[in-house]
file model13.csv (CSV, C-alpha atoms)
chain,number,residue,atom,x,y,z
A,24,MET,CA,11.9,-14.6,-23.1
A,25,PRO,CA,8.8,-12.5,-24.1
A,26,LEU,CA,9.3,-8.8,-23.6
A,27,VAL,CA,6.5,-8.6,-20.9
A,28,PHE,CA,8.3,-11.2,-18.8
A,29,ALA,CA,11.7,-9.5,-19.3
A,30,ASP,CA,10.1,-6.4,-17.8
A,31,THR,CA,8.7,-8.4,-14.9
A,32,PHE,CA,12.0,-10.0,-13.8
A,33,ALA,CA,14.4,-7.2,-15.0
A,34,SER,CA,16.2,-7.0,-11.6
A,35,PHE,CA,17.2,-10.7,-11.7
A,36,ARG,CA,20.0,-9.8,-14.1
A,37,HIS,CA,21.9,-8.5,-11.0
A,38,TYR,CA,23.9,-11.2,-9.2
A,39,ASN,CA,23.6,-9.6,-5.8
A,40,TYR,CA,19.9,-9.1,-6.1
A,41,ARG,CA,19.4,-12.8,-7.0
A,42,LEU,CA,21.2,-13.7,-3.7
A,43,PHE,CA,19.1,-11.2,-1.8
A,44,PHE,CA,15.9,-12.5,-3.2
A,45,LEU,CA,16.8,-16.2,-2.5
A,46,GLY,CA,17.8,-15.6,1.1
A,47,HIS,CA,15.0,-13.3,1.9
A,48,SER,CA,12.4,-15.7,0.4
A,49,VAL,CA,13.4,-18.6,2.7
A,50,SER,CA,13.4,-16.3,5.8
A,51,LEU,CA,10.0,-14.8,4.9
A,52,VAL,CA,8.3,-18.2,4.8
A,53,GLY,CA,9.5,-18.8,8.3
A,54,SER,CA,8.4,-15.4,9.5
A,55,TRP,CA,4.9,-15.8,8.1
A,56,MET,CA,4.7,-19.2,9.8
A,57,GLN,CA,5.6,-17.6,13.1
A,58,ALA,CA,3.1,-14.8,12.6
A,59,VAL,CA,0.2,-17.4,12.2
A,60,ALA,CA,1.4,-19.6,15.0
A,61,GLN,CA,1.8,-16.7,17.4
A,62,GLY,CA,-1.7,-15.3,16.6
A,63,TRP,CA,-3.2,-18.8,17.2
A,64,LEU,CA,-1.2,-19.3,20.4
A,65,VAL,CA,-2.4,-16.0,21.8
A,66,LEU,CA,-6.0,-16.9,21.0
A,67,LEU,CA,-5.6,-20.3,22.7
A,68,LEU,CA,-4.0,-18.8,25.8
A,69,THR,CA,-6.4,-15.8,26.3
A,70,ASP,CA,-9.5,-16.2,24.0
A,71,SER,CA,-9.4,-12.4,23.8
A,72,ALA,CA,-9.6,-9.9,20.9
A,73,PHE,CA,-7.9,-7.3,23.2
A,74,MET,CA,-4.8,-9.6,23.7
A,75,LEU,CA,-4.6,-10.3,20.0
A,76,GLY,CA,-4.7,-6.5,19.4
A,77,LEU,CA,-2.0,-6.0,22.1
A,78,ALA,CA,0.3,-8.6,20.6
A,79,GLY,CA,-0.1,-6.9,17.2
A,80,ALA,CA,0.6,-3.5,18.8
A,81,LEU,CA,3.7,-4.7,20.6
A,82,ASN,CA,5.1,-6.1,17.3
A,83,THR,CA,4.9,-2.8,15.5
A,84,LEU,CA,5.4,-0.4,18.5
A,85,PRO,CA,9.2,-0.5,18.0
A,86,MET,CA,8.7,1.0,14.6
A,87,LEU,CA,7.3,4.1,16.3
A,88,LEU,CA,10.2,4.1,18.8
A,89,PHE,CA,13.3,3.1,16.8
A,90,SER,CA,12.6,3.5,13.1
A,91,PHE,CA,14.2,6.9,12.7
A,92,TRP,CA,17.3,5.7,14.5
A,93,GLY,CA,17.4,2.7,12.1
A,94,GLY,CA,17.0,5.1,9.1
A,95,VAL,CA,19.9,7.4,10.2
A,96,ILE,CA,22.1,4.4,10.8
A,97,ALA,CA,21.2,2.9,7.4
A,98,ASP,CA,22.2,6.2,5.6
A,99,HIS,CA,25.7,6.2,7.3
A,100,ALA,CA,26.6,2.6,8.0
A,101,ASN,CA,27.5,-0.6,6.2
A,102,LYS,CA,24.1,-2.0,5.3
A,103,ARG,CA,25.2,-5.6,4.9
A,104,ARG,CA,26.6,-5.7,8.5
A,105,MET,CA,23.4,-4.0,9.7
A,106,LEU,CA,21.3,-6.8,8.0
A,107,LEU,CA,23.5,-9.5,9.3
A,108,ALA,CA,22.9,-8.2,12.9
A,109,THR,CA,19.1,-8.0,12.5
A,110,ASN,CA,18.7,-11.4,11.0
A,111,THR,CA,20.8,-12.9,13.8
A,112,ALA,CA,18.5,-11.3,16.3
A,113,GLY,CA,15.5,-12.8,14.6
A,114,LEU,CA,17.0,-16.2,14.7
A,115,VAL,CA,17.7,-16.1,18.4
A,116,LEU,CA,14.2,-14.7,19.4
A,117,ALA,CA,12.4,-17.4,17.3
A,118,MET,CA,14.4,-20.1,18.9
A,119,ILE,CA,13.6,-18.8,22.4
A,120,LEU,CA,9.9,-18.8,21.7
A,121,GLY,CA,10.0,-22.2,20.2
A,122,LEU,CA,11.8,-23.7,23.3
A,123,LEU,CA,9.3,-22.0,25.6
A,124,VAL,CA,6.4,-23.6,23.7
A,125,PHE,CA,8.1,-27.0,23.4
A,126,PHE,CA,8.7,-27.2,27.2
A,127,ASP,CA,5.2,-26.1,27.9
A,128,SER,CA,6.5,-23.0,29.8
A,129,VAL,CA,5.1,-20.3,27.6
A,130,THR,CA,2.8,-17.6,28.9
A,131,VAL,CA,1.2,-14.7,27.0
A,132,TRP,CA,3.7,-12.3,28.5
A,133,HIS,CA,6.6,-14.3,27.1
A,134,ILE,CA,5.0,-13.9,23.7
A,135,MET,CA,4.6,-10.2,24.2
A,136,VAL,CA,8.3,-9.7,25.1
A,137,VAL,CA,9.5,-11.8,22.2
A,138,THR,CA,7.1,-10.0,19.9
A,139,PHE,CA,8.5,-6.6,21.0
A,140,GLY,CA,12.0,-7.9,20.4
A,141,VAL,CA,11.2,-9.1,16.9
A,142,GLY,CA,9.6,-5.7,16.2
A,143,ALA,CA,12.7,-3.9,17.5
A,144,ALA,CA,14.9,-5.9,15.1
A,145,MET,CA,12.6,-5.1,12.2
A,146,ALA,CA,12.7,-1.3,13.1
A,147,PHE,CA,16.4,-1.5,12.0
A,148,ASP,CA,16.1,-4.2,9.4
A,149,ILE,CA,13.4,-2.5,7.2
A,150,PRO,CA,15.1,0.8,6.5
A,151,GLY,CA,18.4,-0.9,6.1
A,152,ARG,CA,17.0,-3.6,3.7
A,153,GLN,CA,14.8,-1.2,1.7
A,154,SER,CA,17.7,1.3,1.2
A,155,PHE,CA,20.1,-1.5,0.4
A,156,ILE,CA,18.1,-2.5,-2.7
A,157,VAL,CA,19.3,0.4,-4.8
A,158,ASP,CA,22.9,-0.8,-4.1
A,159,LEU,CA,22.0,-4.2,-5.6
A,160,VAL,CA,20.2,-3.1,-8.8
A,161,GLY,CA,20.7,0.6,-9.5
A,162,LYS,CA,18.1,3.3,-9.7
A,163,ALA,CA,16.8,2.3,-13.2
A,164,ASP,CA,15.6,-1.1,-11.9
A,165,LEU,CA,14.6,0.1,-8.4
A,166,PRO,CA,10.8,0.3,-9.0
A,167,ASN,CA,10.9,-3.2,-10.5
A,168,ALA,CA,13.0,-4.6,-7.6
A,169,ILE,CA,10.6,-3.1,-5.1
A,170,ALA,CA,7.7,-4.7,-6.9
A,171,LEU,CA,9.5,-8.0,-7.0
A,172,ASN,CA,10.2,-7.7,-3.3
A,173,SER,CA,6.5,-7.2,-2.7
A,174,SER,CA,5.8,-10.3,-4.8
A,175,LEU,CA,8.3,-12.2,-2.6
A,176,PHE,CA,6.8,-10.8,0.6
A,177,ASN,CA,3.3,-11.7,-0.4
A,178,GLY,CA,4.1,-15.0,-2.2
A,179,THR,CA,5.6,-16.2,1.1
A,180,ARG,CA,2.6,-14.8,2.8
A,181,ALA,CA,0.6,-17.3,0.9
A,182,LEU,CA,2.9,-20.3,1.5
A,183,GLY,CA,3.9,-19.6,5.1
A,184,PRO,CA,0.4,-19.4,6.7
A,185,ALA,CA,-0.8,-22.4,4.8
A,186,VAL,CA,2.1,-24.5,6.0
A,187,ALA,CA,1.7,-23.1,9.5
A,188,GLY,CA,-1.9,-24.0,9.7
A,189,PHE,CA,-1.1,-27.6,8.6
A,190,LEU,CA,1.7,-27.9,11.2
A,191,ILE,CA,-0.3,-26.5,14.0
A,192,ALA,CA,-3.0,-29.0,13.4
A,193,THR,CA,-0.7,-32.0,13.0
A,194,VAL,CA,2.7,-31.6,14.8
A,195,GLY,CA,2.2,-28.6,17.1
A,196,ILE,CA,2.9,-24.9,17.3
A,197,ALA,CA,6.5,-25.1,18.5
A,198,ASN,CA,7.7,-26.4,15.2
A,199,CYS,CA,6.6,-23.2,13.5
A,200,PHE,CA,9.0,-21.2,15.7
A,201,PHE,CA,11.8,-23.7,15.2
A,202,ILE,CA,11.5,-23.6,11.4
A,203,ASN,CA,11.5,-19.8,11.5
A,204,SER,CA,14.6,-19.8,13.5
A,205,PHE,CA,16.5,-22.0,11.1
A,206,SER,CA,15.1,-20.0,8.1
A,207,TYR,CA,17.3,-17.0,9.1
A,208,LEU,CA,20.4,-19.0,8.1
A,209,ALA,CA,19.5,-18.4,4.4
A,210,PRO,CA,19.8,-14.6,4.4
A,211,LEU,CA,22.8,-14.8,6.6
A,212,LEU,CA,24.6,-17.0,4.1
A,213,CYS,CA,23.4,-15.0,1.0
A,214,LEU,CA,24.5,-11.7,2.5
A,215,SER,CA,27.9,-13.2,3.1
A,216,LEU,CA,28.2,-14.3,-0.5
A,217,MET,CA,27.4,-10.9,-2.1
A,218,ARG,CA,30.0,-9.1,-4.1
A,219,LEU,CA,29.6,-5.5,-3.2
A,220,GLU,CA,31.7,-2.4,-4.1
A,221,GLN,CA,33.7,-1.0,-1.2
A,222,ARG,CA,32.4,2.3,0.1
A,223,PRO,CA,35.1,3.6,2.5
A,224,ASN,CA,33.9,7.2,2.5
A,225,LEU,CA,30.8,6.9,4.5
A,226,THR,CA,29.9,10.2,6.0
A,227,PRO,CA,29.9,10.4,9.8
A,228,ARG,CA,26.5,9.5,11.3
A,229,PRO,CA,24.7,12.6,12.6
A,230,LYS,CA,22.7,12.7,15.8
A,231,ILE,CA,19.2,11.3,15.4
A,232,ARG,CA,17.6,14.7,15.9
A,233,THR,CA,19.8,16.3,13.2
A,234,GLY,CA,19.1,13.5,10.7
A,235,VAL,CA,15.3,13.7,11.3
A,236,THR,CA,15.3,17.5,11.1
A,237,GLU,CA,17.1,17.4,7.7
A,238,LEU,CA,14.6,14.9,6.2
A,239,LEU,CA,11.5,16.7,7.5
A,240,SER,CA,12.9,20.1,6.3
A,241,PHE,CA,13.5,18.6,2.8
A,242,ILE,CA,9.9,17.3,2.7
A,243,ARG,CA,8.3,20.5,4.0
A,244,ARG,CA,10.3,22.9,1.8
A,245,GLN,CA,10.9,21.0,-1.4
A,246,ARG,CA,8.6,18.0,-1.6
A,247,PRO,CA,5.4,18.5,0.5
A,248,GLU,CA,3.5,16.0,-1.7
A,249,LEU,CA,5.8,13.2,-0.2
A,250,GLY,CA,4.5,14.2,3.2
A,251,TRP,CA,0.9,13.8,2.1
A,252,LEU,CA,1.8,10.4,0.5
A,253,LEU,CA,3.2,9.3,3.8
A,254,LEU,CA,0.1,10.5,5.7
A,255,ILE,CA,-2.2,8.6,3.4
A,256,THR,CA,-0.1,5.5,4.0
A,257,ALA,CA,-0.4,6.0,7.7
A,258,CYS,CA,-4.2,6.3,7.6
A,259,ASN,CA,-4.5,3.2,5.4
A,260,SER,CA,-2.3,1.2,7.8
A,261,VAL,CA,-4.1,2.3,11.0
A,262,PHE,CA,-7.7,2.2,9.8
A,263,ALA,CA,-7.8,-0.5,7.1
A,264,LEU,CA,-4.9,-2.9,7.4
A,265,SER,CA,-5.3,-3.6,11.1
A,266,TYR,CA,-8.1,-6.0,10.1
A,267,SER,CA,-5.5,-8.8,10.2
A,268,VAL,CA,-5.2,-8.7,14.0
A,269,LEU,CA,-8.9,-9.8,14.2
A,270,LEU,CA,-8.5,-12.5,11.5
A,271,PRO,CA,-8.1,-15.4,13.9
A,272,MET,CA,-11.3,-14.5,15.7
A,273,ILE,CA,-13.2,-14.0,12.4
A,274,ALA,CA,-11.9,-17.3,11.1
A,275,ARG,CA,-13.0,-19.2,14.3
A,276,ASP,CA,-16.2,-17.4,15.4
A,277,VAL,CA,-17.7,-16.0,12.2
A,278,LEU,CA,-16.5,-18.4,9.5
A,279,ALA,CA,-16.3,-21.6,11.7
A,280,ALA,CA,-12.8,-22.3,10.5
A,281,GLY,CA,-10.0,-24.0,12.5
A,282,PRO,CA,-6.3,-23.2,12.3
A,283,GLN,CA,-6.0,-24.5,8.8
A,284,GLY,CA,-8.9,-22.3,7.6
A,285,TYR,CA,-7.3,-19.4,9.3
A,286,GLY,CA,-4.0,-20.1,7.6
A,287,PHE,CA,-5.7,-20.3,4.2
A,288,LEU,CA,-7.5,-16.9,4.8
A,289,MET,CA,-4.1,-15.3,5.4
A,290,ALA,CA,-2.8,-17.2,2.4
A,291,ALA,CA,-5.6,-15.8,0.2
A,292,ALA,CA,-4.5,-12.3,1.0
A,293,GLY,CA,-0.9,-13.3,0.3
A,294,ILE,CA,-1.7,-14.8,-3.1
A,295,GLY,CA,-3.7,-11.7,-4.1
A,296,ALA,CA,-0.8,-9.5,-3.0
A,297,PHE,CA,1.7,-11.7,-4.9
A,298,ALA,CA,-0.4,-11.4,-8.1
A,299,GLY,CA,-0.7,-7.7,-7.6
A,300,ALA,CA,3.1,-7.3,-7.2
A,301,LEU,CA,3.8,-9.2,-10.4
A,302,VAL,CA,1.3,-7.0,-12.3
A,303,LEU,CA,3.0,-4.0,-10.9
A,304,ALA,CA,6.5,-5.2,-11.7
A,305,THR,CA,5.4,-5.8,-15.3
A,306,PHE,CA,3.5,-2.5,-16.0
A,307,ILE,CA,5.1,0.0,-13.6
A,308,ARG,CA,7.3,1.4,-16.4
A,309,HIS,CA,4.4,1.9,-18.8
A,310,TYR,CA,1.8,3.9,-16.9
A,311,PRO,CA,1.8,6.9,-14.4
A,312,PRO,CA,2.5,5.6,-10.9
A,313,MET,CA,-0.4,7.4,-9.3
A,314,VAL,CA,-2.8,5.3,-11.4
A,315,PHE,CA,-1.5,2.3,-9.5
A,316,PHE,CA,-1.4,4.1,-6.1
A,317,TRP,CA,-5.1,5.2,-6.2
A,318,GLY,CA,-6.4,2.2,-8.0
A,319,GLY,CA,-4.8,-0.2,-5.5
A,320,ALA,CA,-6.2,1.8,-2.6
A,321,CYS,CA,-9.8,1.8,-4.0
A,322,LEU,CA,-9.7,-2.0,-4.6
A,323,MET,CA,-8.4,-2.6,-1.1
A,324,PHE,CA,-11.1,-0.5,0.6
A,325,LEU,CA,-13.9,-2.1,-1.3
A,326,ALA,CA,-12.7,-5.7,-0.8
A,327,LEU,CA,-12.3,-5.2,3.0
A,328,PHE,CA,-15.7,-3.7,3.3
A,329,LEU,CA,-17.3,-6.6,1.4
A,330,PHE,CA,-15.3,-9.1,3.4
A,331,SER,CA,-16.7,-7.7,6.6
A,332,CYS,CA,-20.3,-8.1,5.4
A,333,ILE,CA,-20.3,-11.8,4.5
A,334,ARG,CA,-20.4,-15.1,6.4
A,335,SER,CA,-19.4,-17.4,3.6
A,336,TYR,CA,-15.8,-18.9,3.9
A,337,ASN,CA,-15.4,-19.1,0.1
A,338,LEU,CA,-16.4,-15.5,-0.5
A,339,ALA,CA,-14.1,-14.4,2.4
A,340,VAL,CA,-11.2,-16.1,0.6
A,341,GLY,CA,-12.0,-14.2,-2.6
A,342,TYR,CA,-12.4,-10.8,-1.0
A,343,LEU,CA,-9.1,-11.2,0.9
A,344,PHE,CA,-7.4,-12.1,-2.4
A,345,LEU,CA,-8.7,-8.8,-3.8
A,346,ALA,CA,-7.7,-6.9,-0.7
A,347,GLY,CA,-4.2,-8.2,-0.9
A,348,PHE,CA,-4.0,-7.5,-4.6
A,349,GLY,CA,-4.9,-3.8,-4.1
A,350,MET,CA,-2.8,-3.4,-0.9
A,351,THR,CA,0.5,-4.4,-2.5
A,352,ILE,CA,0.0,-2.3,-5.6
A,353,ASN,CA,-0.8,0.7,-3.4
A,354,VAL,CA,2.0,0.2,-0.9
A,355,SER,CA,4.8,-0.8,-3.4
A,356,THR,CA,4.0,2.2,-5.6
A,357,ALA,CA,4.3,4.5,-2.6
A,358,ASN,CA,7.6,2.9,-1.7
A,359,SER,CA,9.1,3.5,-5.2
A,360,LEU,CA,7.8,7.1,-5.3
A,361,LEU,CA,9.4,7.9,-2.0
A,362,GLN,CA,12.8,6.4,-2.8
A,363,LEU,CA,13.1,8.0,-6.2
A,364,ASN,CA,12.1,11.5,-5.1
A,365,VAL,CA,14.7,12.0,-2.4
A,366,PRO,CA,18.5,12.5,-2.5
A,367,ASP,CA,20.6,9.3,-2.2
A,368,ASP,CA,21.9,10.3,1.3
A,369,MET,CA,18.3,10.5,2.6
A,370,ARG,CA,17.0,7.1,1.2
A,371,GLY,CA,17.5,5.2,4.5
A,372,ARG,CA,15.7,8.0,6.4
A,373,ILE,CA,12.8,8.2,4.0
A,374,MET,CA,12.4,4.4,4.3
A,375,SER,CA,12.4,4.7,8.1
A,376,LEU,CA,9.7,7.3,7.8
A,377,PHE,CA,7.8,5.0,5.4
A,378,SER,CA,8.2,2.1,7.9
A,379,LEU,CA,6.9,4.4,10.6
A,380,THR,CA,3.8,5.3,8.7
A,381,PHE,CA,3.1,1.8,7.2
A,382,LEU,CA,4.0,-0.2,10.4
A,383,GLY,CA,4.8,2.1,13.2
A,384,PHE,CA,1.3,3.6,13.7
A,385,THR,CA,-0.3,0.2,13.5
A,386,PRO,CA,0.0,-0.3,17.3
A,387,LEU,CA,-2.8,2.3,17.6
A,388,GLY,CA,-4.9,0.5,14.9
A,389,ASN,CA,-4.3,-2.9,16.5
A,390,PHE,CA,-5.1,-1.6,20.0
A,391,VAL,CA,-8.3,0.1,18.9
A,392,TYR,CA,-9.3,-2.9,16.7
A,393,GLY,CA,-8.8,-5.2,19.7
A,394,ILE,CA,-11.0,-3.0,22.0
A,395,LEU,CA,-13.7,-2.5,19.4
A,396,GLY,CA,-13.6,-6.1,18.4
A,397,ASP,CA,-14.6,-7.1,22.0
A,398,TYR,CA,-17.5,-4.6,22.1
A,399,LEU,CA,-18.7,-4.3,18.5
A,400,GLY,CA,-17.6,-7.7,17.1
A,401,PRO,CA,-14.8,-8.2,14.6
A,402,CYS,CA,-16.8,-7.8,11.4
A,403,LEU,CA,-18.3,-4.4,12.3
A,404,THR,CA,-14.9,-3.2,13.4
A,405,VAL,CA,-13.3,-4.1,10.1
A,406,ARG,CA,-16.3,-2.5,8.2
A,407,LEU,CA,-15.9,0.8,10.1
A,408,GLY,CA,-12.1,0.8,9.6
A,409,ALA,CA,-12.3,0.3,5.9
A,410,GLY,CA,-15.0,2.9,5.5
A,411,LEU,CA,-13.1,5.5,7.4
A,412,ALA,CA,-9.9,4.8,5.5
A,413,ALA,CA,-11.7,5.2,2.2
A,414,LEU,CA,-13.3,8.6,3.3
A,415,LEU,CA,-9.9,9.9,4.4
A,416,ALA,CA,-8.2,8.9,1.1
A,417,LEU,CA,-11.0,10.6,-0.9
A,418,ALA,CA,-10.5,13.8,1.2
A,419,PHE,CA,-6.8,13.8,0.4
A,420,PHE,CA,-7.4,13.1,-3.3
A,421,LEU,CA,-9.8,16.1,-3.6
A,422,ALA,CA,-7.7,18.5,-1.4
A,423,HIS,CA,-4.3,17.9,-3.0
A,424,PRO,CA,-4.3,17.9,-6.8
A,425,GLU,CA,-0.5,17.3,-6.9
A,426,LEU,CA,-1.2,13.8,-5.6
A,427,ARG,CA,-2.9,12.9,-8.9
A,428,SER,CA,0.3,13.3,-11.1
A,429,LEU,CA,3.3,12.6,-8.8
A,430,GLY,CA,5.9,10.7,-10.8
A,431,PHE,CA,9.2,8.9,-10.2
A,432,GLY,CA,11.3,11.9,-11.3
A,433,THR,CA,14.5,12.1,-13.3
A,434,GLU,CA,16.5,9.8,-11.0
A,435,THR,CA,14.9,6.7,-12.5
A,436,ASN,CA,16.7,7.3,-15.7
A,437,THR,CA,20.2,7.1,-14.2
A,438,GLU,CA,22.2,4.2,-13.2

call {"tool": "encode", "arguments": {"input": "model13.csv", "output": "structure tokens"}}
result
Amino acid sequence: MPLVFADTFASFRHYNYRLFFLGHSVSLVGSWMQAVAQGWLVLLLTDSAFMLGLAGALNTLPMLLFSFWGGVIADHANKRRMLLATNTAGLVLAMILGLLVFFDSVTVWHIMVVTFGVGAAMAFDIPGRQSFIVDLVGKADLPNAIALNSSLFNGTRALGPAVAGFLIATVGIANCFFINSFSYLAPLLCLSLMRLEQRPNLTPRPKIRTGVTELLSFIRRQRPELGWLLLITACNSVFALSYSVLLPMIARDVLAAGPQGYGFLMAAAGIGAFAGALVLATFIRHYPPMVFFWGGACLMFLALFLFSCIRSYNLAVGYLFLAGFGMTINVSTANSLLQLNVPDDMRGRIMSLFSLTFLGFTPLGNFVYGILGDYLGPCLTVRLGAGLAALLALAFFLAHPELRSLGFGTETNTE
């Protein structure tokens, strides 16, 4: 295998990671199918940008409410059992929504309740899953594994929406929810097959307030640059990445595309993100990480701004490809920087804080995007959001020089 590809797929030499990657890939295809089907279903039932924004907000609100709890549990519990529980919850909720649609009993409020439930499961799943990766590959391969996870997340983001758009147009929305439900069986099986070292000496779990106070004190006193990194991620998530909640309306009303066209727009962003993740996995060891962090952010802002200015479907696909490419490079680099600049016993909590900033604040963005989308139109809303995110990022870059040279630290050199 050429050296460049050996670097790209370095984490695959670990048996447990191969199982993790396989199970998660199947599940993510189903999850993306459900996301597309759910957005289209809300649009059919309500024809409202506000309700699209509300559904997106309820999906991520649990991150704001429960992610710290999930992070504290992840630092002091058996992560495999934690992930078995969250995947089981996802299976049940997807099946409930599929049955409601199949029997023509679904209302928009059913969707909102199930969406909140899925978000609650993810508030525990994300910090547990992210902090579990180091147990599968070790610290030396952690940046590579995180980049490969992003390629997985975004590769399925390309496949799942495309399949969902086809299924919605041909066999109905309910089947997307049923397929997602069955897809959770793959990670449940793969988690059960992993060969993990026994860790009987887990420390007692502290109270949530104590665990959070310890982490925030560490960031404030020892690593304030990590706090600024998290704040930039939160601003990007709220002001730039909330564009996706208006994508069904842009596809239908601006680009004159049906459900298949909407699915391919989401797929374009996913393909771009997949390509960006593979580039990052290949070159993350060879260049300073902040080059990727800032370069990815700039590309994402520019692509979203241009996307909001055009009316050509083909150009929209291209700009969303570039937005996805930049987004995954920026976010995956931030993920690696956070995990490798904190002590081992804080990794679950820092990932819960990362989940909070990346996903937990998006209810605010989704809610505002929904309101502004109704009054200003979806394209102008996306344009304003991307522009504001870019201005805030520039302000952080100029005000905090330490954010230009932050590295992975010495922990990346140890196994």

call {"tool": "atom_distance", "arguments": {"input": "model13.csv", "atom1": "CA of Val141 (chain A)", "atom2": "CA of Gly94 (chain A)"}}
result
17.2 Å

call {"tool": "closest_residue", "arguments": {"input": "model13.csv", "among": "A:Leu325, A:Phe35, A:Leu387, A:Leu288", "to": "Leu338 (chain A)", "atoms": "only C-alpha atoms"}}
result
A:Leu288

call {"tool": "atom_distance", "arguments": {"input": "model13.csv", "atom1": "CA of Val129 (chain A)", "atom2": "CA of Phe201 (chain A)"}}
result
14.5 Å

call {"tool": "closest_residue", "arguments": {"input": "model13.csv", "among": "A:Phe381, A:Ser154, A:Ser174, A:Val137", "to": "Ala100 (chain A)", "atoms": "all atoms listed in the file"}}
result
A:Ser154

call {"tool": "residues_around", "arguments": {"input": "model13.csv", "residues": "Phe324 (chain A)", "least_positions_apart": "4", "cutoff": "10 Å", "atoms": "all atoms listed in the file", "output": "PDB file with C-alpha atoms, in the coordinates of the input"}}
result
ATOM      1  CA  ASN A 259      -4.500   3.200   5.400  1.00  0.00           C
ATOM      2  CA  ALA A 263      -7.800  -0.500   7.100  1.00  0.00           C
ATOM      3  CA  LEU A 264      -4.900  -2.900   7.400  1.00  0.00           C
ATOM      4  CA  GLY A 319      -4.800  -0.200  -5.500  1.00  0.00           C
ATOM      5  CA  ALA A 320      -6.200   1.800  -2.600  1.00  0.00           C
ATOM      6  CA  PHE A 328     -15.700  -3.700   3.300  1.00  0.00           C
ATOM      7  CA  LEU A 329     -17.300  -6.600   1.400  1.00  0.00           C
ATOM      8  CA  PHE A 330     -15.300  -9.100   3.400  1.00  0.00           C
ATOM      9  CA  LEU A 345      -8.700  -8.800  -3.800  1.00  0.00           C
ATOM     10  CA  ALA A 346      -7.700  -6.900  -0.700  1.00  0.00           C
ATOM     11  CA  GLY A 349      -4.900  -3.800  -4.100  1.00  0.00           C
ATOM     12  CA  MET A 350      -2.800  -3.400  -0.900  1.00  0.00           C
ATOM     13  CA  ARG A 406     -16.300  -2.500   8.200  1.00  0.00           C
ATOM     14  CA  GLY A 408     -12.100   0.800   9.600  1.00  0.00           C
ATOM     15  CA  ALA A 409     -12.300   0.300   5.900  1.00  0.00           C
ATOM     16  CA  GLY A 410     -15.000   2.900   5.500  1.00  0.00           C
ATOM     17  CA  LEU A 411     -13.100   5.500   7.400  1.00  0.00           C
ATOM     18  CA  ALA A 412      -9.900   4.800   5.500  1.00  0.00           C
ATOM     19  CA  ALA A 413     -11.700   5.200   2.200  1.00  0.00           C
ATOM     20  CA  LEU A 414     -13.300   8.600   3.300  1.00  0.00           C
ATOM     21  CA  ALA A 416      -8.200   8.900   1.100  1.00  0.00           C
TER      22      ALA A 416
END

call {"tool": "atom_distance", "arguments": {"input": "model13.csv", "atom1": "CA of Ser428 (chain A)", "atom2": "CA of Met374 (chain A)"}}
result
21.5 Å
